[in-house]
>>> print(open('data.txt').read())   # compact mmCIF, C-alpha atoms
# COMPACT_ATOMS: atom_id res chain seq x y z
CA MET A 1 97.89 116.00 87.89
CA ASN A 2 97.85 119.17 90.03
CA LYS A 3 99.00 119.54 93.63
CA LYS A 4 95.47 119.09 94.98
CA GLY A 5 95.20 115.74 93.22
CA LEU A 6 98.53 114.61 94.63
CA GLY A 7 97.39 115.71 98.09
CA ALA A 8 94.20 113.68 97.76
CA ILE A 9 96.18 110.60 96.69
CA LEU A 10 98.55 111.05 99.64
CA ILE A 11 95.61 111.27 102.07
CA VAL A 12 94.08 108.10 100.64
CA ILE A 13 97.33 106.09 100.68
CA LEU A 14 98.39 107.19 104.18
CA LEU A 15 95.02 106.69 105.90
CA LEU A 16 94.31 103.44 104.06
CA PHE A 17 97.66 102.09 105.27
CA VAL A 18 96.91 103.10 108.88
CA ASP A 19 93.41 101.59 108.70
CA GLN A 20 94.64 98.26 107.35
CA TRP A 21 97.66 98.14 109.65
CA LEU A 22 95.40 98.59 112.68
CA LYS A 23 92.91 95.97 111.51
CA ILE A 24 95.58 93.38 110.66
CA THR A 25 97.37 94.00 113.97
CA VAL A 26 94.15 93.51 115.95
CA LYS A 27 93.09 90.48 113.90
CA THR A 28 96.44 88.70 114.30
CA SER A 29 97.08 89.54 117.95
CA MET A 30 93.68 89.47 119.68
CA LEU A 31 90.76 87.09 120.13
CA LEU A 32 87.15 88.01 119.41
CA GLY A 33 85.74 89.77 122.44
CA GLU A 34 89.17 90.51 123.89
CA SER A 35 89.53 94.01 125.28
CA ILE A 36 92.51 96.25 126.03
CA THR A 37 91.78 99.22 128.30
CA VAL A 38 93.57 102.36 127.14
CA THR A 39 91.67 104.73 129.44
CA SER A 40 88.45 104.43 131.45
CA TRP A 41 86.56 105.81 128.44
CA PHE A 42 88.51 104.23 125.56
CA LYS A 43 89.14 100.55 124.86
CA ILE A 44 90.47 98.44 122.03
CA TYR A 45 87.70 95.85 121.81
CA PHE A 46 87.95 93.30 118.98
CA VAL A 47 84.72 92.40 117.22
CA GLU A 48 83.81 91.51 113.65
CA ASN A 49 80.65 92.25 111.74
CA PRO A 50 79.38 91.00 108.39
CA GLY A 51 77.29 94.09 107.77
CA MET A 52 77.48 97.85 107.64
CA ALA A 53 79.18 100.45 109.81
CA PHE A 54 78.90 100.22 113.61
CA GLY A 55 77.96 96.53 113.41
CA MET A 56 74.64 97.00 111.62
CA GLU A 57 73.44 94.24 109.31
CA ILE A 58 70.60 95.21 106.98
CA ILE A 59 71.10 93.51 103.61
CA ASN A 60 72.77 90.38 102.25
CA LYS A 61 76.57 90.44 102.55
CA LEU A 62 77.22 89.89 98.84
CA TYR A 63 74.82 92.65 97.82
CA LEU A 64 76.36 94.95 100.42
CA THR A 65 79.88 94.33 99.09
CA LEU A 66 78.77 94.90 95.50
CA PHE A 67 77.01 98.10 96.55
CA ARG A 68 80.18 99.29 98.27
CA ILE A 69 82.25 98.62 95.14
CA ILE A 70 79.79 100.50 92.93
CA ALA A 71 79.70 103.39 95.40
CA MET A 72 83.50 103.37 95.47
CA GLY A 73 83.58 103.64 91.69
CA PHE A 74 81.34 106.72 91.91
CA MET A 75 83.58 108.22 94.60
CA ILE A 76 86.69 107.80 92.45
CA TRP A 77 84.91 109.40 89.48
CA TYR A 78 83.69 112.25 91.67
CA MET A 79 87.14 112.87 93.16
CA ILE A 80 88.73 113.05 89.70
CA ARG A 81 86.04 115.52 88.68
CA ILE A 82 86.41 117.93 91.61
CA VAL A 83 90.22 117.81 91.37
CA SER A 84 90.14 118.58 87.66
CA GLN A 85 87.72 121.47 88.28
CA ASN A 86 90.05 122.90 90.93
CA TYR A 87 87.73 122.88 93.95
CA LYS A 88 89.06 123.94 97.35
CA PHE A 89 91.54 121.48 98.79
CA MET A 90 89.68 121.22 102.10
CA TYR A 91 86.61 120.02 100.25
CA ILE A 92 88.70 117.54 98.27
CA ALA A 93 90.25 116.35 101.54
CA CYS A 94 86.78 115.74 103.07
CA VAL A 95 85.73 113.72 100.03
CA SER A 96 89.03 111.82 100.27
CA LEU A 97 88.20 110.88 103.88
CA ILE A 98 84.90 109.37 102.78
CA ALA A 99 86.57 107.56 99.88
CA VAL A 100 89.38 106.06 101.96
CA GLY A 101 86.89 104.95 104.63
CA ALA A 102 84.85 103.16 102.00
CA MET A 103 88.00 101.58 100.54
CA GLY A 104 89.11 100.33 103.95
CA ASN A 105 85.88 98.43 104.61
CA ILE A 106 85.72 97.18 101.01
CA ILE A 107 89.13 95.56 101.47
CA ASP A 108 87.83 93.72 104.55
CA SER A 109 84.69 92.58 102.75
CA VAL A 110 86.41 91.41 99.57
CA PHE A 111 89.67 89.90 100.85
CA TYR A 112 89.59 89.07 104.58
CA GLY A 113 87.53 85.91 104.14
CA VAL A 114 90.28 84.31 102.05
CA ILE A 115 93.45 85.73 103.65
CA PHE A 116 92.57 85.06 107.32
CA ASN A 117 91.39 82.00 109.20
CA GLU A 118 88.56 82.30 111.73
CA SER A 119 89.26 84.29 114.89
CA PRO A 120 88.41 82.27 118.02
CA TYR A 121 86.47 83.87 120.85
CA TRP A 122 88.08 85.10 124.05
CA PRO A 123 87.07 82.74 126.90
CA SER A 124 84.31 84.18 129.06
CA GLN A 125 86.35 83.38 132.16
CA ILE A 126 90.10 83.08 132.14
CA PRO A 127 92.39 82.69 135.16
CA TYR A 128 94.91 85.37 136.00
CA SER A 129 97.77 83.04 135.19
CA VAL A 130 97.64 79.83 133.18
CA PRO A 131 99.97 76.90 134.00
CA MET A 132 102.49 76.15 131.27
CA GLU A 133 101.01 72.71 130.58
CA PHE A 134 97.69 74.30 129.63
CA GLN A 135 98.97 77.21 127.57
CA SER A 136 99.06 75.13 124.38
CA ARG A 137 95.32 74.63 124.75
CA MET A 138 94.55 78.34 124.83
CA PRO A 139 93.05 79.69 121.58
CA SER A 140 95.38 81.55 119.25
CA PRO A 141 94.61 84.67 117.20
CA ALA A 142 93.92 84.43 113.50
CA VAL A 143 96.76 83.99 111.02
CA LEU A 144 97.36 86.02 107.88
CA PHE A 145 97.55 83.73 104.81
CA PRO A 146 96.85 80.48 106.74
CA PRO A 147 98.08 77.30 105.04
CA ASP A 148 94.61 75.70 105.26
CA GLY A 149 92.87 78.64 103.64
CA GLY A 150 90.59 81.37 104.91
CA TYR A 151 87.36 81.29 106.86
CA GLY A 152 85.20 82.35 103.92
CA THR A 153 85.11 83.21 100.25
CA TRP A 154 85.72 86.28 98.12
CA MET A 155 83.28 89.12 98.81
CA HIS A 156 82.16 87.58 102.11
CA GLY A 157 84.81 88.83 104.51
CA LYS A 158 83.92 90.27 107.90
CA VAL A 159 84.77 93.86 108.77
CA VAL A 160 87.16 94.23 111.72
CA ASP A 161 86.05 96.73 114.39
CA MET A 162 87.98 97.72 117.49
CA LEU A 163 87.39 101.31 118.66
CA TYR A 164 85.13 101.43 121.70
CA PHE A 165 84.33 104.61 123.64
CA PRO A 166 82.14 103.83 126.68
CA LEU A 167 82.05 107.48 127.75
CA ILE A 168 79.26 106.91 130.25
CA GLU A 169 78.68 103.62 132.10
CA THR A 170 75.92 103.68 134.67
CA THR A 171 72.71 102.03 135.86
CA LEU A 172 69.45 103.76 135.00
CA PRO A 173 67.22 104.75 137.95
CA GLU A 174 64.56 102.24 138.92
CA TRP A 175 61.78 104.79 138.57
CA LEU A 176 62.24 105.20 134.82
CA PRO A 177 59.31 103.67 132.90
CA PHE A 178 61.61 102.24 130.23
CA GLY A 179 64.93 100.58 131.03
CA GLY A 180 64.81 101.35 134.72
CA GLY A 181 67.46 99.47 136.70
CA LYS A 182 69.30 98.35 133.56
CA GLU A 183 72.89 99.06 132.57
CA PHE A 184 73.33 102.09 130.32
CA ILE A 185 76.42 102.69 128.18
CA PHE A 186 77.09 105.68 125.97
CA PHE A 187 78.68 105.37 123.38
CA ARG A 188 77.97 101.62 122.86
CA PRO A 189 78.77 100.93 119.14
CA ILE A 190 82.20 99.54 118.30
CA PHE A 191 83.66 100.80 115.04
CA ASN A 192 86.91 101.11 113.10
CA LEU A 193 89.05 103.89 111.68
CA ALA A 194 87.40 103.62 108.26
CA ASP A 195 83.95 104.18 109.80
CA SER A 196 85.21 107.26 111.64
CA MET A 197 86.75 108.71 108.48
CA ILE A 198 83.45 108.34 106.62
CA CYS A 199 81.59 110.05 109.47
CA ILE A 200 84.13 112.87 109.86
CA GLY A 201 84.23 113.57 106.12
CA THR A 202 80.43 113.55 105.87
CA VAL A 203 79.91 115.82 108.90
CA LEU A 204 82.52 118.32 107.70
CA ILE A 205 80.90 118.50 104.27
CA PHE A 206 77.45 118.92 105.83
CA ILE A 207 78.66 121.75 108.09
CA PHE A 208 81.06 123.64 105.85
CA PHE A 209 80.57 122.57 102.23
CA ARG A 210 76.89 121.98 101.58
CA ARG A 211 76.78 124.62 98.86
CA THR A 212 79.95 123.27 97.30
CA LEU A 213 78.48 119.78 97.21
CA THR A 214 75.25 121.01 95.63
CA LYS A 215 77.19 123.04 93.07
CA SER A 216 79.48 120.15 92.15
CA LEU A 217 76.58 117.71 91.68
CA SER A 218 74.52 120.15 89.64
CA LYS A 219 77.25 120.67 87.03
CA SER A 220 76.89 118.59 83.90
>>> encode(input="data.txt", output="structure tokens")
Amino acid sequence: MNKKGLGAILIVILLLFVDQWLKITVKTSMLLGESITVTSWFKIYFVENPGMAFGMEIINKLYLTLFRIIAMGFMIWYMIRIVSQNYKFMYIACVSLIAVGAMGNIIDSVFYGVIFNESPYWPSQIPYSVPMEFQSRMPSPAVLFPPDGGYGTWMHGKVVDMLYFPLIETTLPEWLPFGGGKEFIFFRPIFNLADSMICIGTVLIFIFFRRTLTKSLSKS
């Protein structure tokens, strides 16, 4: 294996570790709907989704997981091909970002249903301080490898999302014909590190490596 191949493997291992570490930390230390404010425009906001990136749910969960695994197989084959044909490392790195993002969400979908119990929801209203006698009644975060088993089955795990960037929070003017007087938030979707890696890799390829992509796919 050449240096470019080793670099691609290092990118995958390092970013996959960070992605899973962040998801496991959030899952085992926060309740669903719980939010930690980092800045006014960035929050750690714990949600789960059974579907695609950014909380979308279009097709059946099992079919989606199988599709992801098949797509991941193609990505691995494609990465081996472009490494062996000595493409530019930056292009290989962009493809590696997409691959590791797909791997991260596949791990959630395949394994999380059996290695975690259900995450309880954060109470809609919680007092500033809770008396000691009531603390035992407060919900607890999910547990990794719970003794009573997980919340689901293989291939039916929920994807953990936590990155929330409400860059703009305002109320739309009353005079607008659509949505007037309603709350407006940009950017509303909550996502994870794996989603962002897929988006970054795809955008970089679209901007800088479109010809390289076309060339690599056209070769027999």
>>> closest_residue(input="data.txt", among="A:Gly113, A:Gly33, A:Gly101, A:Pro50", to="Gly152 (chain A)", atoms="all atoms listed in the file")
A:Gly113
>>> residues_near_point(input="data.txt", point="(98.2, 89.7, 107.6)", cutoff="12 Å", atoms="all atoms listed in the file", output="compact mmCIF listing (two decimals) with C-alpha atoms, keeping the file's coordinate frame")
# COMPACT_ATOMS: atom_id res chain seq x y z
CA GLN A 20 94.64 98.26 107.35
CA TRP A 21 97.66 98.14 109.65
CA LEU A 22 95.40 98.59 112.68
CA LYS A 23 92.91 95.97 111.51
CA ILE A 24 95.58 93.38 110.66
CA THR A 25 97.37 94.00 113.97
CA VAL A 26 94.15 93.51 115.95
CA LYS A 27 93.09 90.48 113.90
CA THR A 28 96.44 88.70 114.30
CA SER A 29 97.08 89.54 117.95
CA ASP A 108 87.83 93.72 104.55
CA PHE A 111 89.67 89.90 100.85
CA TYR A 112 89.59 89.07 104.58
CA GLY A 113 87.53 85.91 104.14
CA VAL A 114 90.28 84.31 102.05
CA ILE A 115 93.45 85.73 103.65
CA PHE A 116 92.57 85.06 107.32
CA ASN A 117 91.39 82.00 109.20
CA PRO A 141 94.61 84.67 117.20
CA ALA A 142 93.92 84.43 113.50
CA VAL A 143 96.76 83.99 111.02
CA LEU A 144 97.36 86.02 107.88
CA PHE A 145 97.55 83.73 104.81
CA PRO A 146 96.85 80.48 106.74
CA GLY A 150 90.59 81.37 104.91
>>> atom_distance(input="data.txt", atom1="CA of Val95 (chain A)", atom2="CA of Tyr63 (chain A)")
23.8 Å
>>> residues_around(input="data.txt", residues="Asn105 (chain A)", least_positions_apart="5", cutoff="10 Å", atoms="only C-alpha atoms", output="list in words")
Leu16, Asp19, Gln20, Met52, Ala53, Thr65, Arg68, Val100, Val110, Gly157, Lys158, Val159, Val160, Asp161, Asn192, Leu193, Ala194 and Asp195 of chain A
>>> atom_distance(input="data.txt", atom1="CA of Cys94 (chain A)", atom2="CA of Ile70 (chain A)")
19.6 Å
>>> closest_residue(input="data.txt", among="A:Pro189, A:Glu48, A:Met103, A:Ile200", to="Gly73 (chain A)", atoms="only C-alpha atoms")
A:Met103
>>> atom_distance(input="data.txt", atom1="CA of Leu66 (chain A)", atom2="CA of Met155 (chain A)")
8.0 Å
>>> residues_around(input="data.txt", residues="region 214-219 of chain A", least_positions_apart="2", cutoff="12 Å", atoms="only C-alpha atoms", output="ChimeraX atom specification")
/A:74,77-88,91-92,95,205-206,209-212
>>> closest_residue(input="data.txt", among="A:Ser35, A:Phe42, A:Leu163, A:Ala102", to="Trp122 (chain A)", atoms="all atoms listed in the file")
A:Ser35
>>> residues_around(input="data.txt", residues="region 37-40 of chain A", least_positions_apart="5", cutoff="9 Å", atoms="only C-alpha atoms", output="count of residues only")
4
>>> closest_residue(input="data.txt", among="A:Met30, A:Met90, A:Ile168, A:Val18", to="Arg188 (chain A)", atoms="all atoms listed in the file")
A:Ile168
>>> closest_residue(input="data.txt", among="A:Ile69, A:Leu172, A:Ile44, A:Met197", to="Ile185 (chain A)", atoms="all atoms listed in the file")
A:Leu172
>>> build_atoms(input="data.txt", residues="region 93-109 of chain A", atoms="N, CA and C atoms", output="PDB file, keeping the file's coordinate frame")
ATOM      1  N   ALA A  93      89.760 117.167 100.426  1.00  0.00           N
ATOM      2  CA  ALA A  93      90.250 116.350 101.540  1.00  0.00           C
ATOM      3  C   ALA A  93      89.083 115.652 102.252  1.00  0.00           C
ATOM      4  N   CYS A  94      87.954 116.350 102.420  1.00  0.00           N
ATOM      5  CA  CYS A  94      86.780 115.740 103.070  1.00  0.00           C
ATOM      6  C   CYS A  94      86.244 114.588 102.223  1.00  0.00           C
ATOM      7  N   VAL A  95      86.173 114.794 100.921  1.00  0.00           N
ATOM      8  CA  VAL A  95      85.730 113.720 100.030  1.00  0.00           C
ATOM      9  C   VAL A  95      86.714 112.556 100.077  1.00  0.00           C
ATOM     10  N   SER A  96      88.010 112.872 100.182  1.00  0.00           N
ATOM     11  CA  SER A  96      89.030 111.820 100.270  1.00  0.00           C
ATOM     12  C   SER A  96      88.847 110.989 101.526  1.00  0.00           C
ATOM     13  N   LEU A  97      88.455 111.617 102.643  1.00  0.00           N
ATOM     14  CA  LEU A  97      88.200 110.880 103.880  1.00  0.00           C
ATOM     15  C   LEU A  97      87.084 109.859 103.687  1.00  0.00           C
ATOM     16  N   ILE A  98      86.010 110.284 103.032  1.00  0.00           N
ATOM     17  CA  ILE A  98      84.900 109.370 102.780  1.00  0.00           C
ATOM     18  C   ILE A  98      85.339 108.230 101.871  1.00  0.00           C
ATOM     19  N   ALA A  99      86.117 108.567 100.837  1.00  0.00           N
ATOM     20  CA  ALA A  99      86.570 107.560  99.880  1.00  0.00           C
ATOM     21  C   ALA A  99      87.481 106.532 100.539  1.00  0.00           C
ATOM     22  N   VAL A 100      88.433 107.000 101.348  1.00  0.00           N
ATOM     23  CA  VAL A 100      89.380 106.060 101.960  1.00  0.00           C
ATOM     24  C   VAL A 100      88.673 105.206 103.015  1.00  0.00           C
ATOM     25  N   GLY A 101      87.662 105.761 103.698  1.00  0.00           N
ATOM     26  CA  GLY A 101      86.890 104.950 104.630  1.00  0.00           C
ATOM     27  C   GLY A 101      86.142 103.842 103.929  1.00  0.00           C
ATOM     28  N   ALA A 102      85.544 104.186 102.784  1.00  0.00           N
ATOM     29  CA  ALA A 102      84.850 103.160 102.000  1.00  0.00           C
ATOM     30  C   ALA A 102      85.824 102.110 101.501  1.00  0.00           C
ATOM     31  N   MET A 103      86.996 102.535 101.023  1.00  0.00           N
ATOM     32  CA  MET A 103      88.000 101.580 100.540  1.00  0.00           C
ATOM     33  C   MET A 103      88.435 100.624 101.646  1.00  0.00           C
ATOM     34  N   GLY A 104      88.647 101.172 102.850  1.00  0.00           N
ATOM     35  CA  GLY A 104      89.110 100.330 103.950  1.00  0.00           C
ATOM     36  C   GLY A 104      88.154  99.199 104.252  1.00  0.00           C
ATOM     37  N   ASN A 105      86.850  99.485 104.304  1.00  0.00           N
ATOM     38  CA  ASN A 105      85.880  98.430 104.610  1.00  0.00           C
ATOM     39  C   ASN A 105      85.636  97.513 103.412  1.00  0.00           C
ATOM     40  N   ILE A 106      85.828  98.031 102.193  1.00  0.00           N
ATOM     41  CA  ILE A 106      85.720  97.180 101.010  1.00  0.00           C
ATOM     42  C   ILE A 106      86.819  96.115 101.021  1.00  0.00           C
ATOM     43  N   ILE A 107      88.032  96.519 101.406  1.00  0.00           N
ATOM     44  CA  ILE A 107      89.130  95.560 101.470  1.00  0.00           C
ATOM     45  C   ILE A 107      88.794  94.422 102.426  1.00  0.00           C
ATOM     46  N   ASP A 108      88.246  94.758 103.603  1.00  0.00           N
ATOM     47  CA  ASP A 108      87.830  93.720 104.550  1.00  0.00           C
ATOM     48  C   ASP A 108      86.808  92.784 103.914  1.00  0.00           C
ATOM     49  N   SER A 109      85.788  93.367 103.297  1.00  0.00           N
ATOM     50  CA  SER A 109      84.690  92.580 102.750  1.00  0.00           C
ATOM     51  C   SER A 109      85.125  91.677 101.606  1.00  0.00           C
TER      52      SER A 109
END
